[in-house]
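Asker: Below is the file structure-v4.pdb, with PDB, C-alpha atoms and all ligand atoms.
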```pdb
ATOM      1  CA  MET E1095       2.890 -18.281  -7.786
ATOM      2  CA  THR E1096       0.262 -20.219  -5.951
ATOM      3  CA  THR E1097      -0.523 -19.584  -2.351
ATOM      4  CA  LYS E1098      -2.784 -21.808  -0.373
ATOM      5  CA  GLN E1099      -5.995 -19.912   0.338
ATOM      6  CA  VAL E1100      -8.092 -20.741   3.363
ATOM      7  CA  ALA E1101     -11.059 -18.853   4.736
ATOM      8  CA  VAL E1102     -13.292 -18.284   7.681
ATOM      9  CA  PHE E1103     -16.938 -18.140   6.635
ATOM     10  CA  LEU E1104     -18.659 -16.124   9.321
ATOM     11  CA  ASP E1105     -22.252 -15.721  10.252
ATOM     12  CA  ARG E1106     -23.287 -12.095  10.801
ATOM     13  CA  ASP E1107     -26.201 -11.784  13.266
ATOM     14  CA  GLY E1108     -25.416 -13.150  16.718
ATOM     15  CA  THR E1109     -21.788 -13.711  15.680
ATOM     16  CA  ILE E1110     -20.336 -10.338  14.583
ATOM     17  CA  ILE E1111     -23.258  -8.078  15.477
ATOM     18  CA  GLU E1112     -25.798  -8.462  18.252
ATOM     19  CA  ASP E1113     -28.782 -10.581  17.273
ATOM     20  CA  VAL E1114     -31.906  -8.416  17.126
ATOM     21  CA  HIS E1115     -34.201 -10.875  15.286
ATOM     22  CA  TYR E1116     -34.990  -9.665  11.755
ATOM     23  CA  PRO E1117     -32.747  -6.581  11.781
ATOM     24  CA  LYS E1118     -34.354  -3.744   9.827
ATOM     25  CA  ASP E1119     -33.191  -0.579  11.543
ATOM     26  CA  PRO E1120     -29.525   0.427  11.088
ATOM     27  CA  ASN E1121     -29.614   2.005  14.551
ATOM     28  CA  GLN E1122     -30.055  -1.495  16.006
ATOM     29  CA  ILE E1123     -26.779  -2.679  14.519
ATOM     30  CA  VAL E1124     -24.142  -3.042  17.230
ATOM     31  CA  LEU E1125     -20.893  -4.994  17.144
ATOM     32  CA  ILE E1126     -20.498  -7.823  19.658
ATOM     33  CA  PRO E1127     -17.613  -7.148  22.100
ATOM     34  CA  HIS E1128     -14.256  -8.481  20.788
ATOM     35  CA  ALA E1129     -15.749  -9.324  17.368
ATOM     36  CA  VAL E1130     -13.496  -6.975  15.423
ATOM     37  CA  GLU E1131     -10.408  -8.081  17.362
ATOM     38  CA  GLY E1132     -11.331 -11.613  16.354
ATOM     39  CA  LEU E1133     -11.698 -10.636  12.698
ATOM     40  CA  LYS E1134      -8.354  -8.846  12.752
ATOM     41  CA  LEU E1135      -6.612 -11.816  14.308
ATOM     42  CA  MET E1136      -8.084 -14.124  11.638
ATOM     43  CA  ARG E1137      -6.579 -11.880   8.974
ATOM     44  CA  GLU E1138      -3.220 -11.740  10.735
ATOM     45  CA  LYS E1139      -3.216 -15.516  10.790
ATOM     46  CA  GLY E1140      -3.680 -15.609   7.034
ATOM     47  CA  TYR E1141      -7.395 -16.275   6.530
ATOM     48  CA  LEU E1142      -9.725 -14.806   3.963
ATOM     49  CA  ILE E1143     -12.920 -13.529   5.557
ATOM     50  CA  PHE E1144     -16.404 -13.954   4.127
ATOM     51  CA  VAL E1145     -19.670 -13.060   5.826
ATOM     52  CA  ILE E1146     -22.499 -15.430   4.931
ATOM     53  CA  SER E1147     -25.932 -14.656   6.322
ATOM     54  CA  ASN E1148     -29.490 -15.958   6.036
ATOM     55  CA  GLN E1149     -31.862 -12.987   5.936
ATOM     56  CA  SER E1150     -35.200 -14.685   5.485
ATOM     57  CA  GLY E1151     -36.861 -11.594   6.980
ATOM     58  CA  VAL E1152     -36.671 -10.210   3.444
ATOM     59  CA  GLY E1153     -38.369 -13.224   1.878
ATOM     60  CA  ARG E1154     -40.934 -13.230   4.673
ATOM     61  CA  GLY E1155     -41.798  -9.598   3.954
ATOM     62  CA  ILE E1156     -40.687  -8.475   7.418
ATOM     63  CA  ILE E1157     -37.614  -6.572   6.154
ATOM     64  CA  SER E1158     -37.944  -4.403   3.043
ATOM     65  CA  ASP E1159     -35.216  -4.338   0.392
ATOM     66  CA  GLU E1160     -34.360  -0.795   1.482
ATOM     67  CA  GLU E1161     -34.117  -1.781   5.144
ATOM     68  CA  PHE E1162     -31.958  -4.775   4.268
ATOM     69  CA  LYS E1163     -29.634  -2.516   2.296
ATOM     70  CA  SER E1164     -29.349   0.125   5.008
ATOM     71  CA  VAL E1165     -28.576  -2.518   7.628
ATOM     72  CA  HIS E1166     -25.881  -3.989   5.371
ATOM     73  CA  GLU E1167     -24.412  -0.517   4.807
ATOM     74  CA  LYS E1168     -24.359   0.189   8.534
ATOM     75  CA  PHE E1169     -22.640  -3.146   9.108
ATOM     76  CA  CYS E1170     -20.016  -2.265   6.471
ATOM     77  CA  GLN E1171     -19.475   1.155   8.081
ATOM     78  CA  LEU E1172     -18.909  -0.384  11.506
ATOM     79  CA  ILE E1173     -16.345  -2.902  10.355
ATOM     80  CA  LYS E1174     -14.636  -0.376   8.105
ATOM     81  CA  ALA E1175     -14.403   2.088  11.007
ATOM     82  CA  ALA E1176     -12.703  -0.692  12.949
ATOM     83  CA  GLN E1177     -10.323  -1.156   9.996
ATOM     84  CA  VAL E1178     -11.395  -4.689   9.272
ATOM     85  CA  GLU E1179     -11.328  -5.879   5.684
ATOM     86  CA  VAL E1180     -13.721  -8.504   4.414
ATOM     87  CA  GLU E1181     -13.304 -10.316   1.096
ATOM     88  CA  GLY E1182     -16.991 -10.734   0.464
ATOM     89  CA  PHE E1183     -20.564 -10.969   1.637
ATOM     90  CA  GLY E1184     -23.216 -13.511   0.767
ATOM     91  CA  TYR E1185     -26.842 -13.121   1.726
ATOM     92  CA  CYS E1186     -29.742 -15.504   1.250
ATOM     93  CA  LEU E1187     -32.881 -13.384   1.137
ATOM     94  CA  HIS E1188     -35.269 -16.243   0.463
ATOM     95  CA  HIS E1189     -38.161 -17.516   2.510
ATOM     96  CA  PRO E1190     -37.321 -20.951   3.934
ATOM     97  CA  ASP E1191     -40.151 -22.396   1.812
ATOM     98  CA  ASP E1192     -38.615 -21.058  -1.413
ATOM     99  CA  ARG E1193     -36.457 -24.186  -1.787
ATOM    100  CA  CYS E1194     -33.457 -22.108  -2.772
ATOM    101  CA  PHE E1195     -29.932 -23.466  -2.738
ATOM    102  CA  CYS E1196     -28.317 -20.594  -0.879
ATOM    103  CA  ARG E1197     -29.974 -20.706   2.549
ATOM    104  CA  LYS E1198     -27.437 -22.040   5.061
ATOM    105  CA  PRO E1199     -26.638 -24.869   5.644
ATOM    106  CA  GLN E1200     -26.773 -25.088   1.859
ATOM    107  CA  ILE E1201     -23.573 -24.056   0.175
ATOM    108  CA  GLU E1202     -24.365 -21.960  -2.889
ATOM    109  CA  LEU E1203     -23.123 -18.713  -1.280
ATOM    110  CA  ILE E1204     -19.753 -20.176  -0.371
ATOM    111  CA  PRO E1205     -17.062 -19.030  -2.822
ATOM    112  CA  LYS E1206     -14.903 -21.754  -4.351
ATOM    113  CA  THR E1207     -12.222 -19.314  -5.483
ATOM    114  CA  PHE E1208     -10.811 -15.912  -4.634
ATOM    115  CA  ASN E1209      -8.734 -13.868  -7.104
ATOM    116  CA  GLY E1210      -8.858 -16.818  -9.457
ATOM    117  CA  GLN E1211      -7.268 -19.203  -6.970
ATOM    118  CA  PRO E1212      -9.138 -22.011  -5.225
ATOM    119  CA  ILE E1213     -10.140 -21.689  -1.584
ATOM    120  CA  LEU E1214      -9.233 -24.834   0.273
ATOM    121  CA  TRP E1215     -12.530 -25.629   1.968
ATOM    122  CA  SER E1216     -11.108 -28.640   3.795
ATOM    123  CA  GLU E1217      -8.775 -26.387   5.798
ATOM    124  CA  SER E1218     -11.302 -23.595   6.204
ATOM    125  CA  PHE E1219     -13.702 -22.849   9.064
ATOM    126  CA  THR E1220     -17.221 -21.660   9.585
ATOM    127  CA  VAL E1221     -18.278 -19.872  12.729
ATOM    128  CA  GLY E1222     -21.712 -18.950  13.939
ATOM    129  CA  ASP E1223     -24.320 -19.165  16.672
ATOM    130  CA  LYS E1224     -26.762 -21.574  15.027
ATOM    131  CA  LEU E1225     -26.808 -25.177  13.905
ATOM    132  CA  SER E1226     -27.102 -24.079  10.267
ATOM    133  CA  ASP E1227     -23.701 -22.367  10.559
ATOM    134  CA  LEU E1228     -22.169 -25.615  11.816
ATOM    135  CA  GLU E1229     -23.896 -27.881   9.306
ATOM    136  CA  LEU E1230     -22.701 -25.550   6.567
ATOM    137  CA  ALA E1231     -19.177 -26.588   7.554
ATOM    138  CA  ASP E1232     -20.111 -30.271   7.342
ATOM    139  CA  ASN E1233     -21.544 -29.661   3.863
ATOM    140  CA  ILE E1234     -18.295 -28.140   2.540
ATOM    141  CA  GLY E1235     -15.903 -30.368   4.468
ATOM    142  CA  ALA E1236     -14.716 -27.528   6.721
ATOM    143  CA  GLN E1237     -14.637 -27.280  10.525
ATOM    144  CA  GLY E1238     -17.648 -25.652  12.136
ATOM    145  CA  CYS E1239     -17.144 -23.592  15.298
ATOM    146  CA  LEU E1240     -19.871 -22.454  17.661
ATOM    147  CA  VAL E1241     -19.776 -19.103  19.429
ATOM    148  CA  LEU E1242     -21.881 -18.545  22.529
ATOM    149  CA  SER E1243     -22.991 -15.056  21.498
ATOM    150  CA  GLY E1244     -26.433 -14.583  19.929
ATOM    151  CA  LYS E1245     -28.384 -17.873  20.008
ATOM    152  CA  GLY E1246     -25.185 -19.792  20.786
ATOM    153  CA  ARG E1247     -26.173 -20.999  24.249
ATOM    154  CA  LYS E1248     -29.433 -22.440  22.978
ATOM    155  CA  THR E1249     -27.553 -24.122  20.122
ATOM    156  CA  GLN E1250     -25.042 -25.528  22.619
ATOM    157  CA  GLN E1251     -27.907 -27.025  24.634
ATOM    158  CA  ASP E1252     -29.518 -28.464  21.482
ATOM    159  CA  LEU E1253     -26.199 -30.083  20.553
ATOM    160  CA  LEU E1254     -25.830 -31.536  24.045
ATOM    161  CA  ASN E1255     -29.353 -32.941  23.885
ATOM    162  CA  ALA E1256     -28.616 -34.484  20.492
ATOM    163  CA  LYS E1257     -25.247 -35.822  21.776
ATOM    164  CA  ARG E1258     -23.509 -33.872  19.022
ATOM    165  CA  SER E1259     -21.565 -31.318  21.061
ATOM    166  CA  HIS E1260     -18.269 -33.163  20.437
ATOM    167  CA  GLN E1261     -18.505 -32.331  16.709
ATOM    168  CA  TYR E1262     -17.880 -28.624  17.066
ATOM    169  CA  PRO E1263     -15.465 -26.621  19.200
ATOM    170  CA  ILE E1264     -17.228 -24.015  21.320
ATOM    171  CA  PHE E1265     -15.933 -20.495  22.004
ATOM    172  CA  SER E1266     -17.192 -17.612  24.086
ATOM    173  CA  ASP E1267     -16.694 -15.181  21.197
ATOM    174  CA  LEU E1268     -14.933 -14.568  17.885
ATOM    175  CA  LEU E1269     -11.702 -13.498  19.540
ATOM    176  CA  SER E1270     -11.286 -16.763  21.406
ATOM    177  CA  MET E1271     -12.227 -18.646  18.218
ATOM    178  CA  ALA E1272      -9.591 -16.705  16.276
ATOM    179  CA  LYS E1273      -6.967 -17.413  18.946
ATOM    180  CA  SER E1274      -7.514 -21.139  18.425
ATOM    181  CA  LEU E1275      -6.951 -21.032  14.664
ATOM    182  CA  PRO E1276      -3.724 -22.403  13.229
ATOM    183  CA  VAL E1277      -1.505 -19.815  11.540
ATOM    184  CA  GLN E1278      -1.502 -20.170   7.747
ATOM    185  CA  ALA E1279       1.701 -19.957   5.765
TER     186      ALA E1279
HETATM  187 MG    MG L1301     -26.597 -16.020  13.610
HETATM  188 ZN    ZN L1302     -31.557 -18.498  -0.630
END
```
Take the structure in the file and give it back as structure tokens.
Answerer:
Amino acid sequence: MTTKQVAVFLDRDGTIIEDVHYPKDPNQIVLIPHAVEGLKLMREKGYLIFVISNQSGVGRGIISDEEFKSVHEKFCQLIKAAQVEVEGFGYCLHHPDDRCFCRKPQIELIPKTFNGQPILWSESFTVGDKLSDLELADNIGAQGCLVLSGKGRKTQQDLLNAKRSHQYPIFSDLLSMAKSLPVQA
């Protein structure tokens, strides 16, 4: 049996949790209002969920490996407590100067398959508060969606200035983004 698999590739900071700029203290980790309802609705509509996050604070030496891990664990606790399941996490821990291939908008962290079946990138979505989250979508042939949480309003203004705002649908939060998604079979 083959089922068509599509995904939402979500940014973490400023999209699911409040943006605190180089998060290193688990006590700073707070869910954005309606984020978990959005995640649940995505699942109900038949999407796989992956969280893909640039954490250059590690590569910059601002966040220690231990701090990174404890923030990730706190994040997992919060979404688990809200009974949200996530298929996977991908983190780029490099410094932007490292010339890695996993820092968004590069695509190395984006899974091509899940449970041995391909993920149809062309019918998948990315969502985030920064241009790199949107350009990630362009780089995998998916649809990028902007949320206005986190740095989203600044990104919206940058897109307007660059006359690129028509390229990406804009949503107040993850729940309204999830409401707009087509239901998958
Ligand atoms: Mg972000
Ligand atoms: Zn990287």
Asker: Using only C-alpha atoms and all ligand atoms, find each residue with an atom at most 7 Å away from ligand ZN 1302 (chain L) and format the answer as a CSV table (one decimal) with C-alpha atoms, keeping the file's coordinate frame.
Answerer:
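Now in selection-v3.csv:
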```
chain,number,residue,atom,x,y,z
E,1186,CYS,CA,-29.7,-15.5,1.2
E,1187,LEU,CA,-32.9,-13.4,1.1
E,1188,HIS,CA,-35.3,-16.2,0.5
E,1194,CYS,CA,-33.5,-22.1,-2.8
E,1195,PHE,CA,-29.9,-23.5,-2.7
E,1196,CYS,CA,-28.3,-20.6,-0.9
E,1197,ARG,CA,-30.0,-20.7,2.5
```
Asker: Check which residues satisfy the PyMOL selection byres (((chain E and resi 1151-1164) around 9) and not hetatm) in the file shown, then give them as a ChimeraX atom specification.
Answerer: /E:1115-1120,1148-1150,1165-1169,1186-1190,1192
Asker: Please produce an output containing C-alpha atoms for each residue in the selection, written as a PDB file, in the coordinates of the input.
Answerer:
```
ATOM      1  CA  HIS E1115     -34.201 -10.875  15.286  1.00  0.00           C
ATOM      2  CA  TYR E1116     -34.990  -9.665  11.755  1.00  0.00           C
ATOM      3  CA  PRO E1117     -32.747  -6.581  11.781  1.00  0.00           C
ATOM      4  CA  LYS E1118     -34.354  -3.744   9.827  1.00  0.00           C
ATOM      5  CA  ASP E1119     -33.191  -0.579  11.543  1.00  0.00           C
ATOM      6  CA  PRO E1120     -29.525   0.427  11.088  1.00  0.00           C
ATOM      7  CA  ASN E1148     -29.490 -15.958   6.036  1.00  0.00           C
ATOM      8  CA  GLN E1149     -31.862 -12.987   5.936  1.00  0.00           C
ATOM      9  CA  SER E1150     -35.200 -14.685   5.485  1.00  0.00           C
ATOM     10  CA  VAL E1165     -28.576  -2.518   7.628  1.00  0.00           C
ATOM     11  CA  HIS E1166     -25.881  -3.989   5.371  1.00  0.00           C
ATOM     12  CA  GLU E1167     -24.412  -0.517   4.807  1.00  0.00           C
ATOM     13  CA  LYS E1168     -24.359   0.189   8.534  1.00  0.00           C
ATOM     14  CA  PHE E1169     -22.640  -3.146   9.108  1.00  0.00           C
ATOM     15  CA  CYS E1186     -29.742 -15.504   1.250  1.00  0.00           C
ATOM     16  CA  LEU E1187     -32.881 -13.384   1.137  1.00  0.00           C
ATOM     17  CA  HIS E1188     -35.269 -16.243   0.463  1.00  0.00           C
ATOM     18  CA  HIS E1189     -38.161 -17.516   2.510  1.00  0.00           C
ATOM     19  CA  PRO E1190     -37.321 -20.951   3.934  1.00  0.00           C
ATOM     20  CA  ASP E1192     -38.615 -21.058  -1.413  1.00  0.00           C
TER      21      ASP E1192
END
```
Asker: Please, which residues are within 9 Å of (-12.8, -22.3, 4.9) by the file's coordinates, counting only C-alpha atoms, and could they come as a list in words?
Answerer: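 It turns out the residues near that spot are Gln1099, Val1100, Ala1101, Val1102, Phe1103, Tyr1141, Leu1142, Ile1143, Ile1204, Ile1213, Leu1214, Trp1215, Ser1216, Glu1217, Ser1218, Phe1219, Thr1220, Ala1231, Ile1234, Gly1235, Ala1236 and Gln1237 of chain E.
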Asker: Give the padded box for stretch 1185-1203 of chain E as lines of an AutoDock Vina configuration file: axis-aligned, covering all atoms listed in the file, 4 Å on each side, centre and edge lengths in Å to one decimal.
Answerer:
```
center_x = -31.6
center_y = -19.1
center_z = 1.4
size_x = 25.0
size_y = 20.0
size_z = 16.5
```
Asker: Need the shell around stretch 1264-1277 of chain E: protein/DNA/RNA residues with any atom at most 8 Å away, counting only C-alpha atoms. Skip same-chain ones fewer than 3 positions apart. Format as a list of chain:residue names?
Answerer: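 Listing them by chain and then by number gives E:Thr1109, E:Ile1110, E:His1128, E:Ala1129, E:Val1130, E:Glu1131, E:Gly1132, E:Leu1133, E:Leu1135, E:Met1136, E:Lys1139, E:Gly1140, E:Cys1239, E:Leu1240, E:Val1241, E:Leu1242, E:Ser1243.
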Asker: Pick out the residues no farther than 6 Å from ligand MG 1301 (chain L), counting all atoms listed in the file, and list them as a list in words.
Answerer: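 So, counting all atoms listed in the file, the residues near ligand MG 1301 (chain L) are Asp1105, Arg1106, Asp1107, Gly1108, Thr1109, Gly1222, Asp1223 and Lys1224 of chain E.
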Asker: I need the residues from that last selection saved to file as a PDB file, in the frame of the given file (with C-alpha atoms), if you can.
Answerer:
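Wrote again39.pdb, looks like this:
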```
ATOM      1  CA  ASP E1105     -22.252 -15.721  10.252  1.00  0.00           C
ATOM      2  CA  ARG E1106     -23.287 -12.095  10.801  1.00  0.00           C
ATOM      3  CA  ASP E1107     -26.201 -11.784  13.266  1.00  0.00           C
ATOM      4  CA  GLY E1108     -25.416 -13.150  16.718  1.00  0.00           C
ATOM      5  CA  THR E1109     -21.788 -13.711  15.680  1.00  0.00           C
ATOM      6  CA  GLY E1222     -21.712 -18.950  13.939  1.00  0.00           C
ATOM      7  CA  ASP E1223     -24.320 -19.165  16.672  1.00  0.00           C
ATOM      8  CA  LYS E1224     -26.762 -21.574  15.027  1.00  0.00           C
TER       9      LYS E1224
END
```
Asker: What's the separation between atom CA of E:Thr1097 and atom CA of E:Tyr1262, in Å to one decimal place?
Answerer: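 One can read the atom CA of E:Thr1097 to atom CA of E:Tyr1262 distance as 27.6 Å.
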Asker: Expressed in Å to a single decimal, how great is the separation between atom CA of E:Lys1098 and atom CA of E:Glu1179?
Answerer: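 Taking atom CA of E:Lys1098 and atom CA of E:Glu1179, their separation equals 19.1 Å.
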Asker: Nearest residue to E:Lys1248 out of E:Gln1261, E:Ile1123, E:Ile1111, E:Leu1225, using only C-alpha atoms?
Answerer: E:Leu1225
Asker: Quick one: distance from atom CA of E:Leu1228 to atom CA of E:Gly1210 in Å, one decimal?
Answerer: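 Distance reported for this atom pair: 26.6 Å.
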Asker: Taking only C-alpha atoms into account, name the residue in E:Lys1198, E:Pro1263, E:Leu1230, E:Leu1172 that is nearest to E:Asn1121.
Answerer: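 Of all the options, E:Leu1172 lies closest to E:Asn1121.
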Asker: Find, counting all atoms listed in the file, the residue in E:Ser1147, E:Gly1246, E:Gly1182, E:Gln1122 that gets nearest to E:Ile1201.
Answerer: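 Of all the options, E:Ser1147 lies closest to E:Ile1201.
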Asker: Pick from E:Glu1138, E:Ala1176, E:Glu1181, E:Phe1144: nearest to E:Leu1125, with only C-alpha atoms counted?
Answerer: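 Looking only at the distances to E:Leu1125, the closest residue turns out to be E:Ala1176.
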